[in-house]
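First the structure, in the form of structure tokens, and then the observations on it.
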Amino acid sequence: MTAPESAARRLPYVMAVNEAITQLMREDPAVFLAGEDVALYGSVFGISRNLLAEFGPERVVDTPIAEAGIMGLGIGAAATGLRPIIDIMFMDFMTVCMDQLVNQAAKMKYMFGGKARLPLTIHTMAGGGRSMAAQHSQSLEAWFCHVPGLKVVMPSGAYEAKGLMVAAVRDDNPVIVVNQKALLGASAPVPEDLYEIPLGVANIVRPGSNFTIVALGAMVPEALKAAETLAEDGLDVEVIDPRTLQPFDTGTVVASVRKTHRALVAHEAVRFGGLGAEIAAQIQEEAFDHLDAPVGRVGAPFSPVPFSPVLESHYVPTAETIVTEVRRLLGRQA
Amino acid sequence: MTAPESAARRLPYVMAVNEAITQLMREDPAVFLAGEDVALYGSVFGISRNLLAEFGPERVVDTPIAEAGIMGLGIGAAATGLRPIIDIMFMDFMTVCMDQLVNQAAKMKYMFGGKARLPLTIHTMAGGGRSMAAQHSQSLEAWFCHVPGLKVVMPSGAYEAKGLMVAAVRDDNPVIVVNQKALLGASAPVPEDLYEIPLGVANIVRPGSNFTIVALGAMVPEALKAAETLAEDGLDVEVIDPRTLQPFDTGTVVASVRKTHRALVAHEAVRFGGLGAEIAAQIQEEAFDHLDAPVGRVGAPFSPVPFSPVLESHYVPTAETIVTEVRRLLGRQA
Amino acid sequence: MGEPHAYGGASAPASDWGDDRMTEITREMLLDLHQRMVRIRIFEEEAGRLSEAGRIPGALHLYVGEEAVAAGVMAHLEAADQITSTHRGHGHLVAKGGDLRQMYAELFGREAGYCKGKGGSMHIADLDLGMLGANGIVGGGPPIAVGAAFSNKYRKTQNVSCCFFGDGASNEGTFHEAANIAALYRLPIVFVCENNGFGEFTRQDRHQAIQDVADRAGSYGMPGVIVDGMDVTAVYEAAGEAIARARRGEGPTLLECKTYRFFDHVGVRGMGMVYRTDDEVLQWKRRDPIATFEERLQEMGILAADQAAAIHERVLFEVREAIAFAENSPPPDPSVLLEDVYTLAAGGGR
Amino acid sequence: MGEPHAYGGASAPASDWGDDRMTEITREMLLDLHQRMVRIRIFEEEAGRLSEAGRIPGALHLYVGEEAVAAGVMAHLEAADQITSTHRGHGHLVAKGGDLRQMYAELFGREAGYCKGKGGSMHIADLDLGMLGANGIVGGGPPIAVGAAFSNKYRKTQNVSCCFFGDGASNEGTFHEAANIAALYRLPIVFVCENNGFGEFTRQDRHQAIQDVADRAGSYGMPGVIVDGMDVTAVYEAAGEAIARARRGEGPTLLECKTYRFFDHVGVRGMGMVYRTDDEVLQWKRRDPIATFEERLQEMGILAADQAAAIHERVLFEVREAIAFAENSPPPDPSVLLEDVYTLAAGGGR
Ligand SMILES: Cc1ncc(C[n+]2csc(CCOP(=O)(O)OP(=O)(O)O)c2C)c(N)n1
Ligand SMILES: Cc1ncc(C[n+]2csc(CCOP(=O)(O)OP(=O)(O)O)c2C)c(N)n1
Ligand SMILES: [Mg+2]
Ligand SMILES: [Mg+2]
């Protein structure tokens, strides 16, 4: 399930997404991409570069700035036999199309007694680290995980980005693909074929025996770094990448904690009410008797994302934040 | 802090809200109410009955059906010296004005370096129980609690409805008042004067010694009923009504659990990713060594709200759901 | 009929053109239109009674008074043509050929209902008939209708989608976004505004500073047409032209139908309301789309009074039969509560 | 100037009226307009250089080329008149009298900045000057501007609010909702569309099927006016009329200013772009609002070439001084990270 280390070809994250979309569009004529500046310009993040040239304007569609309209376009198209990929440039802009996503896309199948099928992929970009401030840096995945009918994936690197994108587009439900700006340039070995990473299955990125870190998206590389540091403390950290946030692979996480007895969840979103709360709550529910310490949580502090790099660097969690919190948790035990 | 049992006058919830708004508007000419059908019709829930007659169309304002526009109207008015109450008929309709609420209202002060003051109250109606189906029954408070800059209150009865409304309108921040349809007809003693229930302070509704139930809004009366039943099992349940969900009164809850050693959180929202996750996570963080059992959570199952009364009655949690879950938690201990 | 005007102003109500246009419509079609309207009327009246009697749960938004709109539009559509509907959606589904038993069973919240009892009145839908759902969110439909139209064009079908929405909904941002996208891509779609003069309890002149929603068409570069929504043949002709235009690939039209709801926003009361006078209601009732049409059909010798009465009776019988079926059918089993949230994987490999 | 037309069509560009109208504008005002434009231009060019050099973090959306719009509108406003701005907001704040030091300090993310470094370019604001904020959300401003206008009316002031938004933003639902509400309540507001022909990298004819955003005015029952946004006196006169109308309590106007951005959507590149030809850019640069205005001022004997040069130099000096101040000022202390999220209670009792 993890990228073969031996794979010769490395790709940056953004190109992995690009390749996934390209191959998916070659595979299935029902797949199309629509969003702001995805065609002529190839998207402000470059994820759709060259697509217009290969597939033409019918299948790579520049839209007006009208996110609710675009999301509805995807819903109506998905409900009538197509397999749309809708690009919402920044996750912050989901706020202008929440009804279409939450009240329409997520609920259509249920409200209609099961008779709808909605193979809709929403592709967006979350997170901070680029001094883009409060309205272009949010991590809102917890909202969507709280909505029955939606699926949510959050890749932690280029390999995951491609494989999860493929799974998302092939899935017959609305799936939100949450990319993070911090990962866009990160390269990893990425197979050239159209592989799929199954939804709902977590990945043990680093096996360990006496501490579990569940890390979301861009926090996975940070957690791996933290694990190195913590090894010096004598901790053997297991790092789990859930990959899919909804449905969440509780089983893998709980099994790990039953083994390690201590756990921490790390994400870039605001800590209060973030997905870490749900994961921590589940761990203590399912592994209560195995826990030697409270389940820790690392997330952003309770403020909007600040602009100034000085402030933002204190805002977005890093490997050091994780290390500090793990040490605090363990110190507490003493 | 709790309504005097001796208070002669009982008011239904909806009238308590009405009285709060009326008295606030009498007190402060900067307060106005705007929303769909709040003036001539007095709101579809009756919360603004008679206001038009007393205050005229300048201060009781019927709006077009345009929630983002209305919310922005409130924001612009609040930022320029007024104290708006914006009525969003059903909480489900917040989805069409999330940007204004989350990106604008919540962040304006911070983004502007503290130089804005936004005394904005958003009044809305959540919850199920009336066969209004998936788009008129949601409980989305967890979303808003995850957004720094917003405050969220959730009254559990008529007394709280008035006192929290007063505090919300007098507060200089955007405050969302989440009412629930299930409570609208419930009466309680409500003082006639313009009293305020402070934000951020939980209320111990029923003291108890060996189990803590944290119940949100309409789950408070259900928890009280559950406590009666559980008393027969020999449990002495403490019921806590947080009243304000953001900022959350962690101290009161944690102190209780340190005393009782066992806890459960109950809300009407979907369990996965609901505020119960955050509360449970906090409890295990702050009272880990005091816990004799995992913190339980009661919430709606993972589906949209169904229409059919048969299904909905299995969907919305009740006293029985709480009792069952408490017993399951305790059985687990054995 | 008159030319739909482009960009701004709006043409005269189609019903001013006089009755001679009815000769262009075949006898069969006239009877079809009549039948569609009667089916809606009786469906709604009976549903209203059941609701008032507490036999149907939830809120019903009834279509009585507006039947000519659904009938006149839907007569041009086949099952592969999609519509999006509103909270006031029964009429649209009846007119599109919805099965009355499944509809009533849904209103009752029964397993045999269109949505297995999970949707109810506000979410009634039949995707096989191209009815993409009633909608509890005002303005929720237009973007979805645009998506269906996009799909029709993408798949190179000749199908159109029709988007029903109210005067109140025309103030929601989603209408604006959808209309702009539809015009930009010249999508095969007709925006059918059912202007009944009110958004809930707020009169049109208290929710927008314009008199004709059709005036908004020019904002998007599409023609706007106004038609008398109490006159089924006028709606039929105007809709026919707009739909034909869409099928020809010439893009969207905004068709405003001036109509009125005889009942209250919710339920069956209609008189003694704070937001409108009884006199106004009576004025509009004099223009009842069914009664006036029956008079005309009678004059034309197409449908005698007793024949019309027989149709009403037959429909009433059918409706009552559907109600009996629905009310006697079992509620969903609680065990299905968590079914239908997701489409499960089609199995192995993929 | 010509009558603003109501409901639909749009009047001829104001700049067609010939130059004689400039005689109506006082010499002081002409110089004021010039000065406002030069300040914006130099502020932006220097900011762009700093950004390209990596000395300013984040993304800058520069206003160069569009100066006549901000200058022509803002010359009519006092501090108590509010504006809402966009992601391209520096020019608006400069024109409204913003303090250059605090502006640059904010771009640098410093404590002395307008927002203490918490907002940056996209959220630069000065509530004391009635500048309710640049905005990172396209379409985020119009509803807020409506709220300010509502407040002005409610408080019975004579103040107006001006809402700046782009051609791209005119497709967002929030614009529609805001415009409808403003017209309905006859609020004292002017919707100033800065139509620079593109939403990001998408040309107007690829994002809407209309040529004039002003055509949308009729949709709401407000007048729409088109003005040459490269001609500061034309903007000044048209804005003056719209603002006066608003102050008289006659309601909103949609004022479309046809303009062009000389730089790329973000940053200072402008030529060699995939979405526009260099030739087009050069055509527009020939109509540079500052250069052409200086020519006219010179012809009128109001401002000689060397005087103009002196003004540029003075402003450049001021700007460089502000930059030096900003760059040398300290960043915020990390300890303030959690400050300013909420307004704390004003103390006891209440
Ligand atoms: C987003 C949203 N806002 C408000 C409502 C409440 N609501 C339901 S129907 C209605 C009136 C709709 O008016 P119109 O579009 O004219 O349709 P009509 O009821 O007249 O058929 C309102 C405000 C809603 N369902 N959704
Ligand atoms: C809701 C939203 N969607 C998309 C964007 C990304 N974006 C930023 S500026 C811009 C173009 C805006 O075009 P226009 O309104 O014409 O203003 P201009 O940049 O031309 O001044 C876009 C799409 C955004 N910031 N907010
Ligand atoms: Mg209506
Ligand atoms: Mg533009």
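Scheme for the structure tokens: letters A, B, ... for chains in order shown; per-chain residue numbers from 1; ligand numbers from 1 in order shown.
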When you look at Val326 in chain B with a cut-off of 8 Å (counting only C-alpha atoms), what residues show up, excluding the ones that are within fewer than 4 positions of it in the same chain? I need them as a list in words.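 These residues fall inside the cut-off: Leu264, Gly296, Ile322 and Leu330 of chain B.
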Write out as a PyMOL selection string each polymer residue whose atoms come within 10 Å of His87 in chain D, counting only C-alpha atoms; drop sequence neighbours fewer than 6 positions from it. chain D and resi 59-63+121-124+133-138+140-141+165-166
Could you save those same residues with N, CA, C and O atoms as a short mmCIF file (atom, residue, chain, number, x, y, z; two decimals), in the first residue's frame?
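Contents of out.cif, as written:
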data_model
loop_
_atom_site.label_atom_id
_atom_site.label_comp_id
_atom_site.auth_asym_id
_atom_site.auth_seq_id
_atom_site.Cartn_x
_atom_site.Cartn_y
_atom_site.Cartn_z
N ALA D 59 0.77 37.04 -1.25
CA ALA D 59 0.42 37.41 -2.62
C ALA D 59 -0.05 38.85 -2.67
O ALA D 59 -0.84 39.27 -1.84
N LEU D 60 0.44 39.58 -3.67
CA LEU D 60 -0.01 40.97 -3.87
C LEU D 60 -0.80 41.07 -5.17
O LEU D 60 -0.31 40.68 -6.23
N HIS D 61 -1.97 41.64 -5.09
CA HIS D 61 -2.77 41.92 -6.29
C HIS D 61 -2.72 43.44 -6.50
O HIS D 61 -3.31 44.19 -5.73
N LEU D 62 -2.03 43.84 -7.54
CA LEU D 62 -1.74 45.27 -7.69
C LEU D 62 -2.78 45.99 -8.54
O LEU D 62 -3.42 45.41 -9.42
N TYR D 63 -2.90 47.28 -8.27
CA TYR D 63 -3.99 48.09 -8.81
C TYR D 63 -3.53 48.95 -9.97
O TYR D 63 -4.31 49.74 -10.51
N SER D 121 -1.76 42.02 2.92
CA SER D 121 -2.30 42.70 1.74
C SER D 121 -3.80 42.48 1.54
O SER D 121 -4.55 43.41 1.27
N MET D 122 -4.24 41.27 1.70
CA MET D 122 -5.64 40.96 1.35
C MET D 122 -6.65 41.38 2.39
O MET D 122 -7.85 41.23 2.18
N HIS D 123 -6.15 41.87 3.55
CA HIS D 123 -7.10 42.25 4.59
C HIS D 123 -6.82 43.61 5.16
O HIS D 123 -7.28 43.96 6.25
N ILE D 124 -6.08 44.38 4.39
CA ILE D 124 -5.72 45.71 4.85
C ILE D 124 -7.00 46.53 5.04
O ILE D 124 -7.94 46.43 4.26
N GLY D 133 -12.16 47.17 4.79
CA GLY D 133 -11.34 46.01 4.55
C GLY D 133 -11.22 45.58 3.10
O GLY D 133 -12.21 45.52 2.38
N ALA D 134 -9.98 45.30 2.70
CA ALA D 134 -9.77 44.48 1.53
C ALA D 134 -10.38 43.13 1.87
O ALA D 134 -10.72 42.86 3.02
N ASN D 135 -10.53 42.28 0.87
CA ASN D 135 -11.25 41.05 1.15
C ASN D 135 -10.69 39.92 0.30
O ASN D 135 -10.55 40.06 -0.91
N GLY D 136 -10.38 38.82 0.93
CA GLY D 136 -9.82 37.68 0.20
C GLY D 136 -10.86 36.87 -0.53
O GLY D 136 -10.52 36.00 -1.32
N ILE D 137 -12.11 37.15 -0.24
CA ILE D 137 -13.19 36.38 -0.86
C ILE D 137 -13.83 37.21 -1.96
O ILE D 137 -14.40 38.27 -1.68
N VAL D 138 -13.76 36.72 -3.17
CA VAL D 138 -14.41 37.42 -4.27
C VAL D 138 -15.92 37.43 -4.01
O VAL D 138 -16.52 36.38 -3.78
N GLY D 140 -17.11 38.89 -1.37
CA GLY D 140 -17.30 39.01 0.08
C GLY D 140 -17.76 40.39 0.50
O GLY D 140 -18.46 40.54 1.51
N GLY D 141 -17.38 41.40 -0.26
CA GLY D 141 -17.66 42.77 0.13
C GLY D 141 -19.09 43.27 -0.04
O GLY D 141 -19.59 43.96 0.86
N PHE D 165 -16.01 46.16 -6.64
CA PHE D 165 -15.98 44.74 -6.99
C PHE D 165 -15.61 44.62 -8.46
O PHE D 165 -15.76 45.57 -9.23
N GLY D 166 -15.15 43.46 -8.84
CA GLY D 166 -14.67 43.27 -10.21
C GLY D 166 -15.71 42.68 -11.14
O GLY D 166 -16.80 42.28 -10.71
#
Using only C-alpha atoms and all ligand atoms, determine which residues fall within 7 Å of ligand 3, then list them as a PyMOL selection string. chain C and resi 166-168+194-200
Expected file: the selected residues, all heavy atoms, as a PDB file, in the first residue's frame:
ATOM      1  N   GLY C 166     -39.264  30.048  -7.627  1.00  0.00           N
ATOM      2  CA  GLY C 166     -40.255  31.069  -7.324  1.00  0.00           C
ATOM      3  C   GLY C 166     -39.724  32.478  -7.464  1.00  0.00           C
ATOM      4  O   GLY C 166     -38.521  32.704  -7.662  1.00  0.00           O
ATOM      5  N   ASP C 167     -40.627  33.439  -7.343  1.00  0.00           N
ATOM      6  CA  ASP C 167     -40.221  34.847  -7.324  1.00  0.00           C
ATOM      7  C   ASP C 167     -39.269  35.077  -6.153  1.00  0.00           C
ATOM      8  O   ASP C 167     -38.264  35.788  -6.276  1.00  0.00           O
ATOM      9  CB  ASP C 167     -41.439  35.764  -7.231  1.00  0.00           C
ATOM     10  CG  ASP C 167     -42.387  35.390  -6.094  1.00  0.00           C
ATOM     11  OD1 ASP C 167     -42.813  34.225  -6.028  1.00  0.00           O
ATOM     12  OD2 ASP C 167     -42.683  36.264  -5.249  1.00  0.00           O
ATOM     13  N   GLY C 168     -39.582  34.459  -5.019  1.00  0.00           N
ATOM     14  CA  GLY C 168     -38.697  34.622  -3.863  1.00  0.00           C
ATOM     15  C   GLY C 168     -37.315  34.074  -4.135  1.00  0.00           C
ATOM     16  O   GLY C 168     -36.302  34.691  -3.799  1.00  0.00           O
ATOM     17  N   GLU C 194     -41.949  30.607 -11.351  1.00  0.00           N
ATOM     18  CA  GLU C 194     -43.349  30.580 -10.948  1.00  0.00           C
ATOM     19  C   GLU C 194     -43.565  31.766 -10.030  1.00  0.00           C
ATOM     20  O   GLU C 194     -43.387  31.664  -8.820  1.00  0.00           O
ATOM     21  CB  GLU C 194     -43.657  29.271 -10.228  1.00  0.00           C
ATOM     22  CG  GLU C 194     -43.222  28.070 -11.048  1.00  0.00           C
ATOM     23  CD  GLU C 194     -43.581  26.724 -10.439  1.00  0.00           C
ATOM     24  OE1 GLU C 194     -43.162  26.448  -9.300  1.00  0.00           O
ATOM     25  OE2 GLU C 194     -44.284  25.959 -11.108  1.00  0.00           O
ATOM     26  N   ASN C 195     -43.916  32.875 -10.633  1.00  0.00           N
ATOM     27  CA  ASN C 195     -44.101  34.084  -9.830  1.00  0.00           C
ATOM     28  C   ASN C 195     -45.529  34.114  -9.304  1.00  0.00           C
ATOM     29  O   ASN C 195     -46.461  34.522 -10.000  1.00  0.00           O
ATOM     30  CB  ASN C 195     -43.807  35.328 -10.669  1.00  0.00           C
ATOM     31  CG  ASN C 195     -43.913  36.586  -9.817  1.00  0.00           C
ATOM     32  OD1 ASN C 195     -44.406  36.553  -8.684  1.00  0.00           O
ATOM     33  ND2 ASN C 195     -43.441  37.697 -10.359  1.00  0.00           N
ATOM     34  N   ASN C 196     -45.664  33.673  -8.065  1.00  0.00           N
ATOM     35  CA  ASN C 196     -46.995  33.680  -7.436  1.00  0.00           C
ATOM     36  C   ASN C 196     -47.158  34.891  -6.523  1.00  0.00           C
ATOM     37  O   ASN C 196     -48.058  34.946  -5.697  1.00  0.00           O
ATOM     38  CB  ASN C 196     -47.238  32.366  -6.681  1.00  0.00           C
ATOM     39  CG  ASN C 196     -46.209  32.131  -5.586  1.00  0.00           C
ATOM     40  OD1 ASN C 196     -45.434  33.037  -5.254  1.00  0.00           O
ATOM     41  ND2 ASN C 196     -46.193  30.945  -5.027  1.00  0.00           N
ATOM     42  N   GLY C 197     -46.253  35.843  -6.679  1.00  0.00           N
ATOM     43  CA  GLY C 197     -46.443  37.120  -5.989  1.00  0.00           C
ATOM     44  C   GLY C 197     -45.950  37.180  -4.557  1.00  0.00           C
ATOM     45  O   GLY C 197     -45.975  38.238  -3.934  1.00  0.00           O
ATOM     46  N   PHE C 198     -45.488  36.051  -4.046  1.00  0.00           N
ATOM     47  CA  PHE C 198     -45.043  36.021  -2.652  1.00  0.00           C
ATOM     48  C   PHE C 198     -43.867  35.068  -2.470  1.00  0.00           C
ATOM     49  O   PHE C 198     -43.806  34.021  -3.108  1.00  0.00           O
ATOM     50  CB  PHE C 198     -46.162  35.528  -1.719  1.00  0.00           C
ATOM     51  CG  PHE C 198     -47.345  36.445  -1.662  1.00  0.00           C
ATOM     52  CD1 PHE C 198     -48.385  36.305  -2.569  1.00  0.00           C
ATOM     53  CD2 PHE C 198     -47.411  37.468  -0.722  1.00  0.00           C
ATOM     54  CE1 PHE C 198     -49.478  37.169  -2.536  1.00  0.00           C
ATOM     55  CE2 PHE C 198     -48.495  38.332  -0.686  1.00  0.00           C
ATOM     56  CZ  PHE C 198     -49.532  38.184  -1.595  1.00  0.00           C
ATOM     57  N   GLY C 199     -42.977  35.435  -1.593  1.00  0.00           N
ATOM     58  CA  GLY C 199     -42.006  34.505  -1.031  1.00  0.00           C
ATOM     59  C   GLY C 199     -42.490  34.274   0.394  1.00  0.00           C
ATOM     60  O   GLY C 199     -42.467  35.207   1.206  1.00  0.00           O
ATOM     61  N   GLU C 200     -42.964  33.107   0.676  1.00  0.00           N
ATOM     62  CA  GLU C 200     -43.676  32.841   1.941  1.00  0.00           C
ATOM     63  C   GLU C 200     -44.772  33.870   2.140  1.00  0.00           C
ATOM     64  O   GLU C 200     -45.780  33.851   1.431  1.00  0.00           O
ATOM     65  CB  GLU C 200     -42.699  32.836   3.132  1.00  0.00           C
ATOM     66  CG  GLU C 200     -41.993  31.508   3.269  1.00  0.00           C
ATOM     67  CD  GLU C 200     -41.279  31.369   4.623  1.00  0.00           C
ATOM     68  OE1 GLU C 200     -41.327  32.312   5.455  1.00  0.00           O
ATOM     69  OE2 GLU C 200     -40.675  30.334   4.841  1.00  0.00           O
TER      70      GLU C 200
END
With only C-alpha atoms and all ligand atoms as the atoms that count, which of B:Arg49, B:His136, B:Arg9, B:Arg130 lies nearest to ligand 1?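 Among B:Arg49, B:His136, B:Arg9, B:Arg130, it is B:His136 that comes nearest to ligand 1.
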Quick one: everything within 7 Å of Gln135 in chain A, counting only C-alpha atoms, minus sequence neighbours fewer than 3 positions away in the same chain. Send it as a PyMOL selection string. (chain A and resi 92+138) or (chain B and resi 103) or (chain D and resi 136)
I need the residues in range 148-179 of chain C that are strand (DSSP E or B) according to DSSP; give them as JSON, numbers by chain. {"C": [161, 162, 163, 164, 165, 166]}
Restrict the calculation to only C-alpha atoms, then for each residue of chain C with any atom at most 9 Å from an atom of chain A give the closest atom pair and their distance in Å to one decimal, rows by chain and rising residue number, as CSV.
residue,atom,partner,partner_atom,distance
C:Gln82,CA,A:Thr80,CA,8.9
C:Gly113,CA,A:Gly113,CA,8.4
C:Tyr114,CA,A:Gly113,CA,6.9
C:Cys115,CA,A:Gly113,CA,3.7
C:Lys116,CA,A:Gly113,CA,5.0
C:Gly117,CA,A:Gly113,CA,7.2
C:Lys118,CA,A:Met111,CA,5.4
C:Gly119,CA,A:Met111,CA,4.3
C:Gly120,CA,A:Met111,CA,8.1
C:His123,CA,A:Met111,CA,6.1
C:Ile124,CA,A:Phe112,CA,6.9
C:Ala125,CA,A:Phe112,CA,6.1
C:Asp126,CA,A:Phe112,CA,7.8
C:Leu127,CA,A:Lys115,CA,7.2
C:Asp128,CA,A:Lys115,CA,8.9
C:Gly130,CA,A:Thr80,CA,8.8
C:Leu132,CA,A:Ala79,CA,8.2
C:Gly133,CA,A:Phe112,CA,7.7
C:Asn135,CA,A:Gln104,CA,8.5
C:Gly136,CA,A:Asn103,CA,8.8
C:Ile137,CA,A:Asn103,CA,8.0
C:Gly140,CA,A:Gln100,CA,6.9
C:Gly141,CA,A:Gly72,CA,8.2
C:Pro142,CA,A:Gly72,CA,7.8
C:Pro143,CA,A:Gly72,CA,4.2
C:Ile144,CA,A:Gly76,CA,4.3
C:Ala145,CA,A:Gly76,CA,6.0
C:Val146,CA,A:Leu73,CA,5.6
C:Gly147,CA,A:Leu73,CA,3.5
C:Ala148,CA,A:Gly76,CA,4.5
C:Ala149,CA,A:Ala77,CA,7.9
C:Phe150,CA,A:Ala77,CA,6.6
C:Ser151,CA,A:Ala77,CA,5.0
C:Asn152,CA,A:Thr80,CA,8.3
C:Tyr154,CA,A:Glu58,CA,7.0
C:Arg155,CA,A:Ala30,CA,8.5
C:Gly173,CA,A:Ala68,CA,8.5
C:Thr174,CA,A:Gly69,CA,6.3
C:Phe175,CA,A:Gly69,CA,8.4
C:His176,CA,A:Gly69,CA,8.5
C:Glu177,CA,A:Gly69,CA,5.2
C:Ala178,CA,A:Gly69,CA,5.2
C:Ala179,CA,A:Gly69,CA,8.8
C:Asn180,CA,A:Pro64,CA,8.2
C:Ile181,CA,A:Pro64,CA,6.9
C:Leu184,CA,A:Pro64,CA,8.7
C:Glu339,CA,A:Tyr110,CA,7.8
C:Asp340,CA,A:Gly114,CA,4.5
C:Val341,CA,A:Tyr110,CA,5.1
C:Tyr342,CA,A:Gly149,CA,5.8
C:Thr343,CA,A:Asp172,CA,6.0
C:Leu344,CA,A:Asp172,CA,7.6
C:Ala345,CA,A:Asp171,CA,7.1
C:Ala346,CA,A:Asp172,CA,8.6
C:Arg350,CA,A:Arg170,CA,7.3
How close does chain C get to chain D? List, as CSV, each residue of chain C within 12 Å, its nearest atom pair and the distance in Å to one decimal, counting only C-alpha atoms.
residue,atom,partner,partner_atom,distance
C:Ala6,CA,D:Gly8,CA,10.9
C:Tyr7,CA,D:Gly8,CA,7.5
C:Gly8,CA,D:Gly8,CA,5.1
C:Gly9,CA,D:Gly8,CA,7.1
C:Ala10,CA,D:Gly8,CA,10.5
C:Gly139,CA,D:Gly173,CA,10.7
C:Pro143,CA,D:Gly173,CA,11.4
C:Gly168,CA,D:Asn180,CA,11.4
C:Ala169,CA,D:Glu177,CA,10.6
C:Ser170,CA,D:Glu177,CA,9.4
C:Asn171,CA,D:Glu177,CA,6.0
C:Glu172,CA,D:Glu177,CA,6.1
C:Gly173,CA,D:Gly173,CA,3.3
C:Thr174,CA,D:Gly173,CA,5.7
C:Phe175,CA,D:Gly173,CA,7.6
C:His176,CA,D:Gly173,CA,5.7
C:Glu177,CA,D:Gly173,CA,5.7
C:Ala178,CA,D:Gly173,CA,9.1
C:Ala179,CA,D:Asn171,CA,9.5
C:Asn180,CA,D:Gln208,CA,6.2
C:Ile181,CA,D:Gln208,CA,7.3
C:Ala182,CA,D:Ala209,CA,9.3
C:Ala183,CA,D:Ala209,CA,6.1
C:Leu184,CA,D:Ala209,CA,4.9
C:Tyr185,CA,D:Ala209,CA,8.4
C:Arg186,CA,D:Ala209,CA,8.9
C:Leu187,CA,D:Ala209,CA,11.9
C:Gln204,CA,D:Leu184,CA,10.3
C:Asp205,CA,D:Leu184,CA,8.2
C:Arg206,CA,D:Leu184,CA,7.2
C:His207,CA,D:Leu184,CA,6.7
C:Gln208,CA,D:Leu184,CA,5.4
C:Ala209,CA,D:Leu184,CA,4.9
C:Ile210,CA,D:Gly221,CA,5.4
C:Gln211,CA,D:Gly221,CA,8.9
C:Asp212,CA,D:Ser219,CA,9.0
C:Val213,CA,D:Ser219,CA,7.8
C:Ala214,CA,D:Ser219,CA,8.7
C:Asp215,CA,D:Ser219,CA,5.8
C:Arg216,CA,D:Ser219,CA,4.6
C:Ala217,CA,D:Ser219,CA,8.0
C:Gly218,CA,D:Asp215,CA,7.1
C:Ser219,CA,D:Arg216,CA,4.6
C:Tyr220,CA,D:Ala209,CA,6.0
C:Gly221,CA,D:Ala209,CA,5.4
C:Met222,CA,D:Ala209,CA,8.4
C:Pro223,CA,D:Ala209,CA,11.9
C:Gly224,CA,D:Ser219,CA,11.5
C:Gly251,CA,D:Ala209,CA,11.0
C:Pro252,CA,D:Ala209,CA,11.5
Please determine the contact residues of chain B with respect to chain A at a cut-off of 7 Å, counting only C-alpha atoms, and supply them as an MDAnalysis selection string. chainID B and resid 95:99 103 107 110:111 134:135 142:143 145:146 148 270 272:275 277:278 280:281 284:285 288 294:295 302:304
Which polymer residues have any atom within 7 Å of an atom of Ala126 in chain A, counting only C-alpha atoms, with same-chain residues fewer than 6 positions away left out, as a list of chain:residue names? A:Phe90, A:Met91, A:Ser137, A:Gln138, A:Ser139, A:Val178, A:Asn179, A:Gln180, A:Lys181
Set the distance at 12 Å and use only C-alpha atoms: which residues neighbour Phe55 in chain B once local chain neighbours fewer than 6 positions away are removed? I'd like the list as a ChimeraX atom specification. /B:21-33,39-40,48-49,61
Residues within 9 Å of range 268-283 of chain C, only C-alpha atoms, excluding chain neighbours under 2 positions, as a list in words: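 Non-adjacent residues within range: Leu40 and Tyr41 of chain B; Glu45, Gly48, Arg49, Ser51, Glu52, Leu60, His61, Leu62, Phe201, Thr202, Arg203, Tyr260, Arg261, Phe262, Phe263, Asp264, His265, Val266, Lys285, Arg286 and Arg287 of chain C.
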Any idea what's packed within 7 Å of Val17 in chain B, counting only C-alpha atoms, ignoring anything in its chain fewer than 5 positions away? Could you give it as a list in words?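 Neighbouring residues, sequence-local ones excluded: Ile47, Ala161 and Lys162 of chain B.
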